[in-house]
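**Q** Sharing work-v7.tsv below, TSV, C-alpha atoms:
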```tsv
chain	number	residue	atom	x	y	z
A	30	MET	CA	-89.28	-72.83	44.39
A	31	LYS	CA	-89.66	-69.06	43.96
A	32	LEU	CA	-86.58	-68.33	46.11
A	33	SER	CA	-84.43	-70.70	44.10
A	34	PHE	CA	-85.46	-68.91	40.87
A	35	VAL	CA	-84.98	-65.29	42.16
A	36	ALA	CA	-81.47	-65.80	43.55
A	37	PRO	CA	-79.86	-66.74	40.18
A	38	LEU	CA	-81.77	-63.85	38.56
A	39	PHE	CA	-80.22	-61.32	41.00
A	40	LEU	CA	-76.77	-62.79	40.51
A	41	ALA	CA	-77.08	-62.47	36.73
A	42	MET	CA	-78.25	-58.84	36.99
A	43	GLY	CA	-75.34	-57.93	39.31
A	44	ALA	CA	-72.80	-59.49	36.95
A	45	SER	CA	-74.18	-57.58	33.95
A	46	ALA	CA	-74.15	-54.29	35.90
A	47	PHE	CA	-70.53	-54.83	36.96
A	48	GLN	CA	-69.50	-55.47	33.36
A	49	ALA	CA	-71.28	-52.30	32.21
A	50	MET	CA	-69.28	-50.05	34.60
A	51	PRO	CA	-66.41	-48.04	32.90
A	52	MET	CA	-63.18	-49.73	33.81
A	53	GLY	CA	-60.16	-47.74	34.95
A	54	ARG	CA	-62.09	-44.72	36.25
A	55	SER	CA	-60.13	-44.70	39.48
A	56	ASN	CA	-56.85	-45.11	37.58
A	57	THR	CA	-57.74	-42.21	35.28
A	58	ALA	CA	-58.36	-39.96	38.25
A	59	LEU	CA	-55.06	-41.01	39.80
A	60	HIS	CA	-53.11	-40.25	36.63
A	61	SER	CA	-54.71	-36.85	36.25
A	62	ALA	CA	-53.73	-35.89	39.81
A	63	SER	CA	-50.18	-37.16	39.48
A	64	PRO	CA	-47.30	-34.90	38.38
A	65	VAL	CA	-45.53	-35.24	35.06
A	66	GLY	CA	-42.94	-37.58	36.52
A	67	GLY	CA	-45.40	-40.49	36.54
A	68	PRO	CA	-48.31	-41.94	38.48
A	69	GLY	CA	-47.99	-41.92	42.21
A	70	VAL	CA	-44.81	-39.78	42.26
A	71	PRO	CA	-44.97	-37.11	44.98
A	72	PRO	CA	-44.54	-33.51	43.78
A	73	PRO	CA	-41.06	-31.95	44.23
A	74	GLN	CA	-40.42	-29.76	47.20
A	75	ALA	CA	-40.57	-26.02	46.81
A	76	GLY	CA	-37.26	-24.35	46.07
A	77	GLY	CA	-35.59	-27.13	44.07
A	78	PRO	CA	-35.63	-30.78	43.08
A	79	VAL	CA	-35.99	-33.59	45.52
A	80	GLY	CA	-32.72	-34.35	47.25
A	81	ALA	CA	-31.07	-31.06	46.31
A	82	THR	CA	-28.65	-29.55	48.80
A	83	PRO	CA	-30.01	-26.37	50.35
A	84	PRO	CA	-27.96	-23.21	49.74
A	85	MET	CA	-25.75	-21.83	52.46
A	86	GLN	CA	-27.17	-19.04	54.52
A	87	GLY	CA	-25.61	-16.61	56.91
A	88	GLY	CA	-27.20	-14.52	59.58
A	89	ALA	CA	-26.63	-12.67	62.78
A	90	SER	CA	-26.20	-15.97	64.56
A	91	GLY	CA	-24.26	-17.62	61.72
A	92	GLY	CA	-25.16	-20.86	60.07
A	93	LEU	CA	-23.18	-21.82	57.00
A	94	ALA	CA	-24.59	-25.12	55.85
A	95	GLY	CA	-21.81	-26.13	53.48
A	96	VAL	CA	-18.59	-25.33	51.73
A	97	ASN	CA	-18.14	-23.80	48.30
A	98	ARG	CA	-15.32	-24.17	45.84
A	99	GLY	CA	-11.85	-22.74	46.27
A	100	PRO	CA	-11.01	-19.05	46.47
A	101	GLY	CA	-9.87	-18.48	42.86
A	102	PRO	CA	-8.76	-15.81	42.65
A	103	ARG	CA	-11.77	-14.94	40.55
A	104	ASP	CA	-13.27	-11.60	39.73
A	105	GLY	CA	-16.71	-12.03	41.23
A	106	PRO	CA	-19.02	-14.46	42.95
A	107	GLY	CA	-19.39	-17.70	41.02
A	108	PRO	CA	-22.65	-19.51	40.28
A	109	ASP	CA	-22.38	-21.46	43.54
A	110	ALA	CA	-21.67	-18.44	45.72
A	111	THR	CA	-23.91	-17.55	48.62
A	112	PRO	CA	-26.51	-14.87	47.91
A	113	PRO	CA	-25.37	-11.40	48.96
A	114	VAL	CA	-26.68	-9.93	52.18
A	115	LEU	CA	-27.68	-6.29	52.50
A	116	LEU	CA	-26.00	-4.43	55.37
A	117	GLN	CA	-27.50	-1.10	56.27
A	118	GLY	CA	-25.30	1.66	57.60
A	119	GLY	CA	-24.23	1.03	61.19
A	120	SER	CA	-25.28	-2.66	61.18
A	121	LEU	CA	-23.23	-5.79	61.90
A	122	LYS	CA	-23.49	-9.17	60.18
A	123	THR	CA	-21.71	-12.42	61.07
A	124	TRP	CA	-21.14	-15.65	59.16
A	125	SER	CA	-20.24	-18.69	61.29
A	126	MET	CA	-18.00	-21.43	59.88
A	127	PRO	CA	-18.21	-24.24	62.46
A	128	SER	CA	-16.59	-26.86	60.23
A	129	THR	CA	-12.91	-27.51	60.80
A	130	ALA	CA	-12.55	-28.38	57.11
A	131	VAL	CA	-12.94	-24.74	56.13
A	132	GLN	CA	-9.51	-23.21	55.49
A	133	SER	CA	-10.37	-19.88	53.85
A	134	ALA	CA	-13.23	-17.64	52.80
A	135	GLN	CA	-13.55	-15.33	49.83
A	136	ILE	CA	-15.46	-12.14	50.55
A	137	PHE	CA	-17.13	-9.84	48.03
A	138	MET	CA	-18.57	-6.43	48.86
A	139	GLU	CA	-20.09	-3.78	46.64
A	140	THR	CA	-22.49	-0.84	46.63
A	141	GLU	CA	-24.76	0.78	44.07
A	142	GLY	CA	-22.13	3.46	43.32
A	143	ARG	CA	-21.83	5.04	46.74
A	144	PRO	CA	-18.78	4.85	49.02
A	145	LEU	CA	-18.04	1.61	50.84
A	146	ASP	CA	-16.79	2.01	54.41
A	147	CYS	CA	-16.67	-1.02	56.73
A	148	ASN	CA	-14.67	-3.16	59.14
A	149	LEU	CA	-13.88	-6.81	58.42
A	150	GLU	CA	-12.82	-9.17	61.22
A	151	LEU	CA	-12.12	-12.86	61.70
A	152	TRP	CA	-13.13	-14.19	65.11
A	153	GLN	CA	-11.62	-17.36	66.53
A	154	GLY	CA	-12.81	-18.05	70.04
A	155	PRO	CA	-13.84	-15.49	72.63
A	156	ASP	CA	-11.99	-12.15	72.48
A	157	ASN	CA	-9.59	-13.43	69.81
A	158	THR	CA	-9.35	-11.48	66.54
A	159	PRO	CA	-6.32	-12.77	64.59
A	160	TYR	CA	-7.31	-10.97	61.37
A	161	LYS	CA	-8.95	-7.58	60.93
A	162	MET	CA	-9.15	-4.94	58.26
A	163	ARG	CA	-10.44	-1.42	57.80
A	164	ILE	CA	-11.81	-0.83	54.28
A	165	TYR	CA	-12.73	2.26	52.32
A	166	VAL	CA	-13.70	2.36	48.62
A	167	GLU	CA	-14.73	5.56	46.90
A	168	ASP	CA	-17.12	3.84	44.46
A	169	GLY	CA	-18.32	0.39	45.48
A	170	ALA	CA	-19.86	-0.31	42.07
A	171	GLN	CA	-16.86	0.57	39.93
A	172	ARG	CA	-14.36	-1.06	42.30
A	173	CYS	CA	-15.89	-4.05	44.04
A	174	PHE	CA	-14.02	-5.33	47.08
A	175	ASN	CA	-12.60	-8.84	46.72
A	176	VAL	CA	-10.39	-10.49	49.35
A	177	VAL	CA	-9.51	-14.01	50.52
A	178	VAL	CA	-9.35	-14.41	54.31
A	179	PRO	CA	-7.44	-17.44	55.66
A	180	ALA	CA	-9.42	-19.28	58.32
A	181	PRO	CA	-7.38	-22.24	59.61
A	182	ARG	CA	-8.13	-24.20	62.77
A	183	GLY	CA	-11.88	-23.68	62.90
A	184	PRO	CA	-14.44	-22.94	64.03
A	185	ASN	CA	-14.22	-19.34	62.83
A	186	THR	CA	-16.59	-16.44	62.30
A	187	ILE	CA	-16.49	-13.64	59.74
A	188	ALA	CA	-17.86	-10.33	61.01
A	189	ILE	CA	-18.58	-7.32	58.77
A	190	ARG	CA	-19.71	-4.00	60.21
A	191	ASN	CA	-20.90	-1.22	57.95
A	192	THR	CA	-19.43	1.87	59.60
A	193	ALA	CA	-21.03	4.28	57.13
A	194	GLN	CA	-24.24	6.17	57.72
A	195	LEU	CA	-27.69	4.73	57.14
A	196	GLU	CA	-27.83	6.18	53.61
A	197	PHE	CA	-24.86	4.02	52.48
A	198	PRO	CA	-25.79	0.31	52.51
A	199	LEU	CA	-23.60	-2.40	51.04
A	200	LEU	CA	-23.94	-5.95	49.73
A	201	ALA	CA	-21.67	-8.64	51.19
A	202	SER	CA	-21.14	-12.28	50.24
A	203	VAL	CA	-18.98	-14.79	52.15
A	204	ASN	CA	-17.94	-18.00	50.37
A	205	PRO	CA	-16.01	-20.53	52.52
A	206	SER	CA	-13.62	-23.02	50.96
A	207	THR	CA	-11.60	-26.06	52.00
A	208	GLU	CA	-8.55	-24.87	50.03
A	209	ILE	CA	-5.58	-23.30	51.79
A	210	VAL	CA	-4.39	-19.94	50.50
A	211	ASP	CA	-1.42	-20.71	48.27
A	212	ILE	CA	1.46	-18.29	48.92
A	213	ALA	CA	4.04	-20.10	46.80
A	214	PRO	CA	5.11	-17.88	43.86
A	215	ARG	CA	4.36	-19.15	40.37
A	216	GLU	CA	6.91	-19.37	37.60
A	217	ASP	CA	5.33	-16.50	35.65
A	218	SER	CA	4.72	-14.29	38.71
A	219	SER	CA	6.77	-11.26	39.59
A	220	THR	CA	9.60	-11.42	42.10
A	221	PRO	CA	8.45	-10.82	45.70
A	222	ARG	CA	9.86	-7.67	47.28
A	223	THR	CA	10.72	-7.08	50.92
A	224	ILE	CA	9.33	-3.94	52.54
A	225	GLN	CA	10.98	-3.03	55.81
A	226	GLY	CA	9.04	-1.60	58.72
A	227	GLY	CA	8.11	2.02	58.10
A	228	ALA	CA	8.94	1.83	54.38
A	229	LEU	CA	6.67	1.91	51.35
A	230	ARG	CA	6.70	0.72	47.76
A	231	THR	CA	4.63	1.79	44.77
A	232	TYR	CA	3.53	-0.27	41.74
A	233	PRO	CA	2.26	1.68	38.70
A	234	PHE	CA	0.13	-0.11	36.10
A	235	ASN	CA	-0.83	0.53	32.49
A	236	PRO	CA	-4.36	1.55	31.49
A	237	ASP	CA	-5.07	-1.90	29.99
A	238	VAL	CA	-4.71	-3.58	33.41
A	239	GLN	CA	-8.24	-4.16	34.72
A	240	SER	CA	-7.39	-5.74	38.09
A	241	VAL	CA	-4.35	-6.30	40.27
A	242	LYS	CA	-3.51	-9.15	42.64
A	243	VAL	CA	-1.77	-8.22	45.88
A	244	MET	CA	-0.28	-10.72	48.34
A	245	LEU	CA	1.46	-9.85	51.61
A	246	THR	CA	3.23	-12.34	53.85
A	247	THR	CA	5.76	-12.48	56.68
A	248	ASP	CA	8.02	-15.13	58.18
A	249	GLY	CA	5.51	-15.80	60.98
A	250	ARG	CA	5.57	-12.39	62.61
A	251	PRO	CA	2.58	-10.02	62.80
A	252	LEU	CA	1.63	-8.15	59.65
A	253	ASN	CA	0.62	-4.49	59.77
A	254	SER	CA	0.23	-2.61	56.52
A	255	ARG	CA	-1.84	-0.14	54.53
A	256	ILE	CA	-2.71	-0.83	50.89
A	257	GLU	CA	-3.83	2.13	48.80
A	258	LEU	CA	-5.04	2.53	45.23
A	259	LEU	CA	-4.27	5.94	43.76
A	260	GLN	CA	-5.42	7.42	40.47
A	261	GLY	CA	-3.68	10.71	39.97
A	262	PRO	CA	-1.67	12.78	42.46
A	263	ASN	CA	-2.89	12.01	46.00
A	264	ASN	CA	-6.25	10.87	44.66
A	265	ILE	CA	-6.97	7.81	46.80
A	266	LYS	CA	-9.66	5.52	45.42
A	267	GLN	CA	-9.35	2.57	47.82
A	268	VAL	CA	-7.68	2.02	51.20
A	269	MET	CA	-7.22	-1.14	53.27
A	270	GLU	CA	-5.62	-1.04	56.72
A	271	LEU	CA	-4.62	-4.58	57.64
A	272	TYR	CA	-3.58	-6.42	60.78
A	273	THR	CA	-2.74	-10.13	60.82
A	274	GLU	CA	-1.53	-12.03	63.85
A	275	ASP	CA	0.67	-14.36	61.77
A	276	GLY	CA	1.56	-13.29	58.25
A	277	LEU	CA	2.73	-16.78	57.32
A	278	GLU	CA	-0.35	-18.69	58.47
A	279	ARG	CA	-2.77	-15.90	57.60
A	280	PRO	CA	-1.40	-14.04	54.56
A	281	PHE	CA	-3.20	-11.22	52.80
A	282	LEU	CA	-4.59	-11.86	49.31
A	283	ALA	CA	-6.81	-9.40	47.47
A	284	MET	CA	-7.84	-8.56	43.92
A	285	ILE	CA	-8.08	-4.81	43.37
A	286	GLU	CA	-9.97	-3.49	40.36
A	287	THR	CA	-8.11	-0.75	38.50
A	288	PRO	CA	-10.35	0.78	35.80
A	289	GLY	CA	-9.08	3.76	33.87
A	290	ALA	CA	-5.56	5.15	33.52
A	291	GLY	CA	-2.94	6.31	36.00
A	292	ASN	CA	-3.51	3.59	38.62
A	293	VAL	CA	-0.81	3.12	41.25
A	294	VAL	CA	-0.85	0.65	44.13
A	295	ARG	CA	0.99	1.91	47.19
A	296	ILE	CA	1.87	-0.49	50.02
A	297	VAL	CA	3.06	0.87	53.35
A	298	ASN	CA	4.50	-1.28	56.14
A	299	THR	CA	3.05	0.43	59.20
A	300	ALA	CA	4.95	-1.82	61.64
A	301	THR	CA	8.33	-1.07	63.16
A	302	MET	CA	11.64	-2.04	61.57
A	303	GLU	CA	11.68	-5.42	63.34
A	304	PHE	CA	8.64	-6.59	61.33
A	305	PRO	CA	9.36	-6.66	57.57
A	306	LEU	CA	6.90	-8.07	55.06
A	307	THR	CA	7.12	-9.67	51.65
A	308	CYS	CA	4.97	-8.20	48.90
A	309	THR	CA	3.86	-9.53	45.51
A	310	CYS	CA	1.86	-7.12	43.36
A	311	GLU	CA	1.13	-8.01	39.75
A	312	ALA	CA	-1.49	-7.58	37.04
A	313	HIS	CA	-4.34	-10.05	37.34
A	314	ILE	CA	-6.55	-9.26	34.31
A	315	ILE	CA	-5.24	-7.42	31.24
A	316	GLY	CA	-7.61	-6.24	28.54
A	317	PRO	CA	-8.82	-3.17	26.64
A	318	GLU	CA	-9.66	-0.16	28.71
A	319	LYS	CA	-13.27	-0.24	29.85
A	320	GLY	CA	-15.62	2.11	28.04
A	321	MET	CA	-13.19	2.96	25.23
A	322	GLY	CA	-13.94	1.94	21.66
A	323	ASP	CA	-11.93	1.92	18.48
A	324	ALA	CA	-11.24	5.14	16.59
A	325	SER	CA	-13.36	5.71	13.48
A	326	MET	CA	-12.86	7.79	10.34
A	327	GLY	CA	-13.01	11.53	10.78
A	328	GLY	CA	-11.33	11.47	14.17
A	329	ASP	CA	-14.51	10.47	16.00
A	330	MET	CA	-14.06	8.32	19.10
A	331	GLN	CA	-16.77	6.13	20.56
A	332	LEU	CA	-17.14	6.27	24.32
A	333	GLY	CA	-19.62	3.65	25.41
A	334	SER	CA	-22.83	4.22	23.45
A	335	ASN	CA	-22.33	7.99	22.92
A	336	TRP	CA	-20.33	9.76	20.22
A	337	MET	CA	-17.81	12.46	20.98
A	338	TYR	CA	-16.58	14.79	18.22
```
Kindly present the structure from the file in structure tokens form.
**A**
Amino acid sequence: MKLSFVAPLFLAMGASAFQAMPMGRSNTALHSASPVGGPGVPPPQAGGPVGATPPMQGGASGGLAGVNRGPGPRDGPGPDATPPVLLQGGSLKTWSMPSTAVQSAQIFMETEGRPLDCNLELWQGPDNTPYKMRIYVEDGAQRCFNVVVPAPRGPNTIAIRNTAQLEFPLLASVNPSTEIVDIAPREDSSTPRTIQGGALRTYPFNPDVQSVKVMLTTDGRPLNSRIELLQGPNNIKQVMELYTEDGLERPFLAMIETPGAGNVVRIVNTATMEFPLTCTCEAHIIGPEKGMGDASMGGDMQLGSNWMY
């Protein structure tokens, strides 16, 4: 009789205690530990949102994980360009492009205002260098190096060696693309000129021309040339010594910055007479001269942020 009375009493006490417990305590704790996206959503991975494509990276052993947009020509690295890599003097850096879809690569190089002196090569297979260039720029900050290297029939590798001393590092960025370098002349472009082997041609530009586009091609023969930027009598600001195995399949396309006045582009065909080349050199960006302001009353002229009287 006692047992039958105690059992319902315990059941009633347990039910009242269960009803007195605060409901949703476990859910409240779960919501407080969850991110803003909602309950139970895992936190995003470090370095970007979930599902984002990792950026391309290059190293001594290569490793380009993707392909960027086409090679412009544009004046500088776009928002989707690979981050620049610092090359100390005397060091070598390579960027592998194993994908056969890659057809070209745009390369940017600059310094903090010191000279830029390096070698640029395209490797295709063992002991095969169909494209190579020797580069010198007097001021790598004022005149950044910008070139498009054709890279058909992959896999290919871009190699840049800083031949300067240890005190002269440089920044390099390689941006592969699936677009083929277009050598067809546009309707508004200047007429291509033929430069015979051993000959040269000069192209002077006005002070309002900020950059120049240079394209060199052949009919399928090798291309050997030297491209120089002069500012004043025999004052060379930039030099590029070029060799291309096939000037039709691998043409030369570069954008040369020309700040200031008195800029002249000189192109020399360093090959023999049997190897002519076709040259197109025209203004790429035209605007007011950098650093020069409008004249004010009294004959004062504003140069940057300083006043000259």
**Q** Calculated over only C-alpha atoms, which of the candidates A:Val243, A:Met138, A:Val210, A:Ala201 has the smallest distance to A:Pro179?
**A**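 Closest residue, counting only C-alpha atoms: A:Val210.
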**Q** With all atoms listed in the file as the counted atoms, please give the residues lying no more than 12 Å from stretch 155-165 of chain A, apart from itself and same-chain residues fewer than 4 positions off, as a PyMOL selection string.
**A** chain A and resi 138-140+143-151+169+172-182+184-193+199+251-258+265-276+278-281+283
**Q** Restricting it to C-alpha atoms, dump the selection as an mmCIF file, in the frame of the given file.
**A**
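The file below, out21.cif, is the result:
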```cif
data_model
loop_
_atom_site.group_PDB
_atom_site.id
_atom_site.type_symbol
_atom_site.label_atom_id
_atom_site.label_comp_id
_atom_site.auth_asym_id
_atom_site.auth_seq_id
_atom_site.Cartn_x
_atom_site.Cartn_y
_atom_site.Cartn_z
ATOM 1 C CA MET A 138 -18.570 -6.430 48.860
ATOM 2 C CA GLU A 139 -20.090 -3.780 46.640
ATOM 3 C CA THR A 140 -22.490 -0.840 46.630
ATOM 4 C CA ARG A 143 -21.830 5.040 46.740
ATOM 5 C CA PRO A 144 -18.780 4.850 49.020
ATOM 6 C CA LEU A 145 -18.040 1.610 50.840
ATOM 7 C CA ASP A 146 -16.790 2.010 54.410
ATOM 8 C CA CYS A 147 -16.670 -1.020 56.730
ATOM 9 C CA ASN A 148 -14.670 -3.160 59.140
ATOM 10 C CA LEU A 149 -13.880 -6.810 58.420
ATOM 11 C CA GLU A 150 -12.820 -9.170 61.220
ATOM 12 C CA LEU A 151 -12.120 -12.860 61.700
ATOM 13 C CA GLY A 169 -18.320 0.390 45.480
ATOM 14 C CA ARG A 172 -14.360 -1.060 42.300
ATOM 15 C CA CYS A 173 -15.890 -4.050 44.040
ATOM 16 C CA PHE A 174 -14.020 -5.330 47.080
ATOM 17 C CA ASN A 175 -12.600 -8.840 46.720
ATOM 18 C CA VAL A 176 -10.390 -10.490 49.350
ATOM 19 C CA VAL A 177 -9.510 -14.010 50.520
ATOM 20 C CA VAL A 178 -9.350 -14.410 54.310
ATOM 21 C CA PRO A 179 -7.440 -17.440 55.660
ATOM 22 C CA ALA A 180 -9.420 -19.280 58.320
ATOM 23 C CA PRO A 181 -7.380 -22.240 59.610
ATOM 24 C CA ARG A 182 -8.130 -24.200 62.770
ATOM 25 C CA PRO A 184 -14.440 -22.940 64.030
ATOM 26 C CA ASN A 185 -14.220 -19.340 62.830
ATOM 27 C CA THR A 186 -16.590 -16.440 62.300
ATOM 28 C CA ILE A 187 -16.490 -13.640 59.740
ATOM 29 C CA ALA A 188 -17.860 -10.330 61.010
ATOM 30 C CA ILE A 189 -18.580 -7.320 58.770
ATOM 31 C CA ARG A 190 -19.710 -4.000 60.210
ATOM 32 C CA ASN A 191 -20.900 -1.220 57.950
ATOM 33 C CA THR A 192 -19.430 1.870 59.600
ATOM 34 C CA ALA A 193 -21.030 4.280 57.130
ATOM 35 C CA LEU A 199 -23.600 -2.400 51.040
ATOM 36 C CA PRO A 251 2.580 -10.020 62.800
ATOM 37 C CA LEU A 252 1.630 -8.150 59.650
ATOM 38 C CA ASN A 253 0.620 -4.490 59.770
ATOM 39 C CA SER A 254 0.230 -2.610 56.520
ATOM 40 C CA ARG A 255 -1.840 -0.140 54.530
ATOM 41 C CA ILE A 256 -2.710 -0.830 50.890
ATOM 42 C CA GLU A 257 -3.830 2.130 48.800
ATOM 43 C CA LEU A 258 -5.040 2.530 45.230
ATOM 44 C CA ILE A 265 -6.970 7.810 46.800
ATOM 45 C CA LYS A 266 -9.660 5.520 45.420
ATOM 46 C CA GLN A 267 -9.350 2.570 47.820
ATOM 47 C CA VAL A 268 -7.680 2.020 51.200
ATOM 48 C CA MET A 269 -7.220 -1.140 53.270
ATOM 49 C CA GLU A 270 -5.620 -1.040 56.720
ATOM 50 C CA LEU A 271 -4.620 -4.580 57.640
ATOM 51 C CA TYR A 272 -3.580 -6.420 60.780
ATOM 52 C CA THR A 273 -2.740 -10.130 60.820
ATOM 53 C CA GLU A 274 -1.530 -12.030 63.850
ATOM 54 C CA ASP A 275 0.670 -14.360 61.770
ATOM 55 C CA GLY A 276 1.560 -13.290 58.250
ATOM 56 C CA GLU A 278 -0.350 -18.690 58.470
ATOM 57 C CA ARG A 279 -2.770 -15.900 57.600
ATOM 58 C CA PRO A 280 -1.400 -14.040 54.560
ATOM 59 C CA PHE A 281 -3.200 -11.220 52.800
ATOM 60 C CA ALA A 283 -6.810 -9.400 47.470
#
```
**Q** Find the distance between atom CA of A:Asp237 and atom CA of A:Val294 and write it in Å to one decimal.
**A** 15.0 Å
**Q** Any idea what the distance is between atom CA of A:Glu196 and atom CA of A:Gly261?
**A** 28.1 Å
**Q** Would you compute the distance between atom CA of A:Thr111 and atom CA of A:Thr309? Give it in Å to one decimal.
**A**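 If I compute the distance from atom CA of A:Thr111 to atom CA of A:Thr309, I get 29.1 Å.
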**Q** Between A:Thr220, A:Gly142, A:Val203, A:Leu195, single out the one closest to A:Gly119, counting all atoms listed in the file.
**A**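 For A:Gly119, the nearest of the candidates is A:Leu195.
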**Q** Quick test: take stretch 302-318 of chain A, keep N, CA and C atoms, and write it as an mmCIF file, in the first residue's frame.
**A**
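Below is the file that was written, out06.cif:
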```cif
data_model
loop_
_atom_site.group_PDB
_atom_site.id
_atom_site.type_symbol
_atom_site.label_atom_id
_atom_site.label_comp_id
_atom_site.auth_asym_id
_atom_site.auth_seq_id
_atom_site.Cartn_x
_atom_site.Cartn_y
_atom_site.Cartn_z
ATOM 1 N N MET A 302 71.122 40.681 -93.179
ATOM 2 C CA MET A 302 70.184 41.212 -94.162
ATOM 3 C C MET A 302 69.107 40.199 -94.548
ATOM 4 N N GLU A 303 69.373 38.925 -94.393
ATOM 5 C CA GLU A 303 68.400 37.899 -94.770
ATOM 6 C C GLU A 303 67.225 37.790 -93.791
ATOM 7 N N PHE A 304 67.266 38.540 -92.687
ATOM 8 C CA PHE A 304 66.235 38.409 -91.657
ATOM 9 C C PHE A 304 65.615 39.786 -91.349
ATOM 10 N N PRO A 305 64.751 40.277 -92.215
ATOM 11 C CA PRO A 305 64.069 41.549 -91.923
ATOM 12 C C PRO A 305 62.985 41.353 -90.866
ATOM 13 N N LEU A 306 62.526 42.453 -90.323
ATOM 14 C CA LEU A 306 61.435 42.428 -89.352
ATOM 15 C C LEU A 306 60.456 43.547 -89.671
ATOM 16 N N THR A 307 59.256 43.375 -89.163
ATOM 17 C CA THR A 307 58.195 44.363 -89.326
ATOM 18 C C THR A 307 57.923 45.002 -87.977
ATOM 19 N N CYS A 308 57.919 46.337 -87.971
ATOM 20 C CA CYS A 308 57.805 47.085 -86.723
ATOM 21 C C CYS A 308 56.567 47.974 -86.749
ATOM 22 N N THR A 309 55.872 48.006 -85.609
ATOM 23 C CA THR A 309 54.773 48.939 -85.370
ATOM 24 C C THR A 309 55.034 49.621 -84.043
ATOM 25 N N CYS A 310 55.215 50.940 -84.088
ATOM 26 C CA CYS A 310 55.506 51.715 -82.887
ATOM 27 C C CYS A 310 54.571 52.924 -82.883
ATOM 28 N N GLU A 311 53.703 53.000 -81.888
ATOM 29 C CA GLU A 311 52.708 54.054 -81.830
ATOM 30 C C GLU A 311 52.435 54.431 -80.387
ATOM 31 N N ALA A 312 51.832 55.611 -80.211
ATOM 32 C CA ALA A 312 51.482 56.086 -78.874
ATOM 33 C C ALA A 312 50.369 55.223 -78.289
ATOM 34 N N HIS A 313 50.530 54.868 -77.041
ATOM 35 C CA HIS A 313 49.554 54.028 -76.356
ATOM 36 C C HIS A 313 48.645 54.843 -75.441
ATOM 37 N N ILE A 314 49.213 55.722 -74.626
ATOM 38 C CA ILE A 314 48.452 56.592 -73.738
ATOM 39 C C ILE A 314 48.922 58.030 -73.983
ATOM 40 N N ILE A 315 47.974 58.908 -74.237
ATOM 41 C CA ILE A 315 48.258 60.323 -74.471
ATOM 42 C C ILE A 315 47.528 61.125 -73.408
ATOM 43 N N GLY A 316 48.248 61.995 -72.723
ATOM 44 C CA GLY A 316 47.661 62.814 -71.682
ATOM 45 C C GLY A 316 48.584 63.949 -71.326
ATOM 46 N N PRO A 317 48.213 64.762 -70.351
ATOM 47 C CA PRO A 317 49.092 65.870 -69.939
ATOM 48 C C PRO A 317 50.381 65.344 -69.358
ATOM 49 N N GLU A 318 51.416 66.134 -69.512
ATOM 50 C CA GLU A 318 52.729 65.723 -69.030
ATOM 51 C C GLU A 318 52.703 65.549 -67.527
#
```
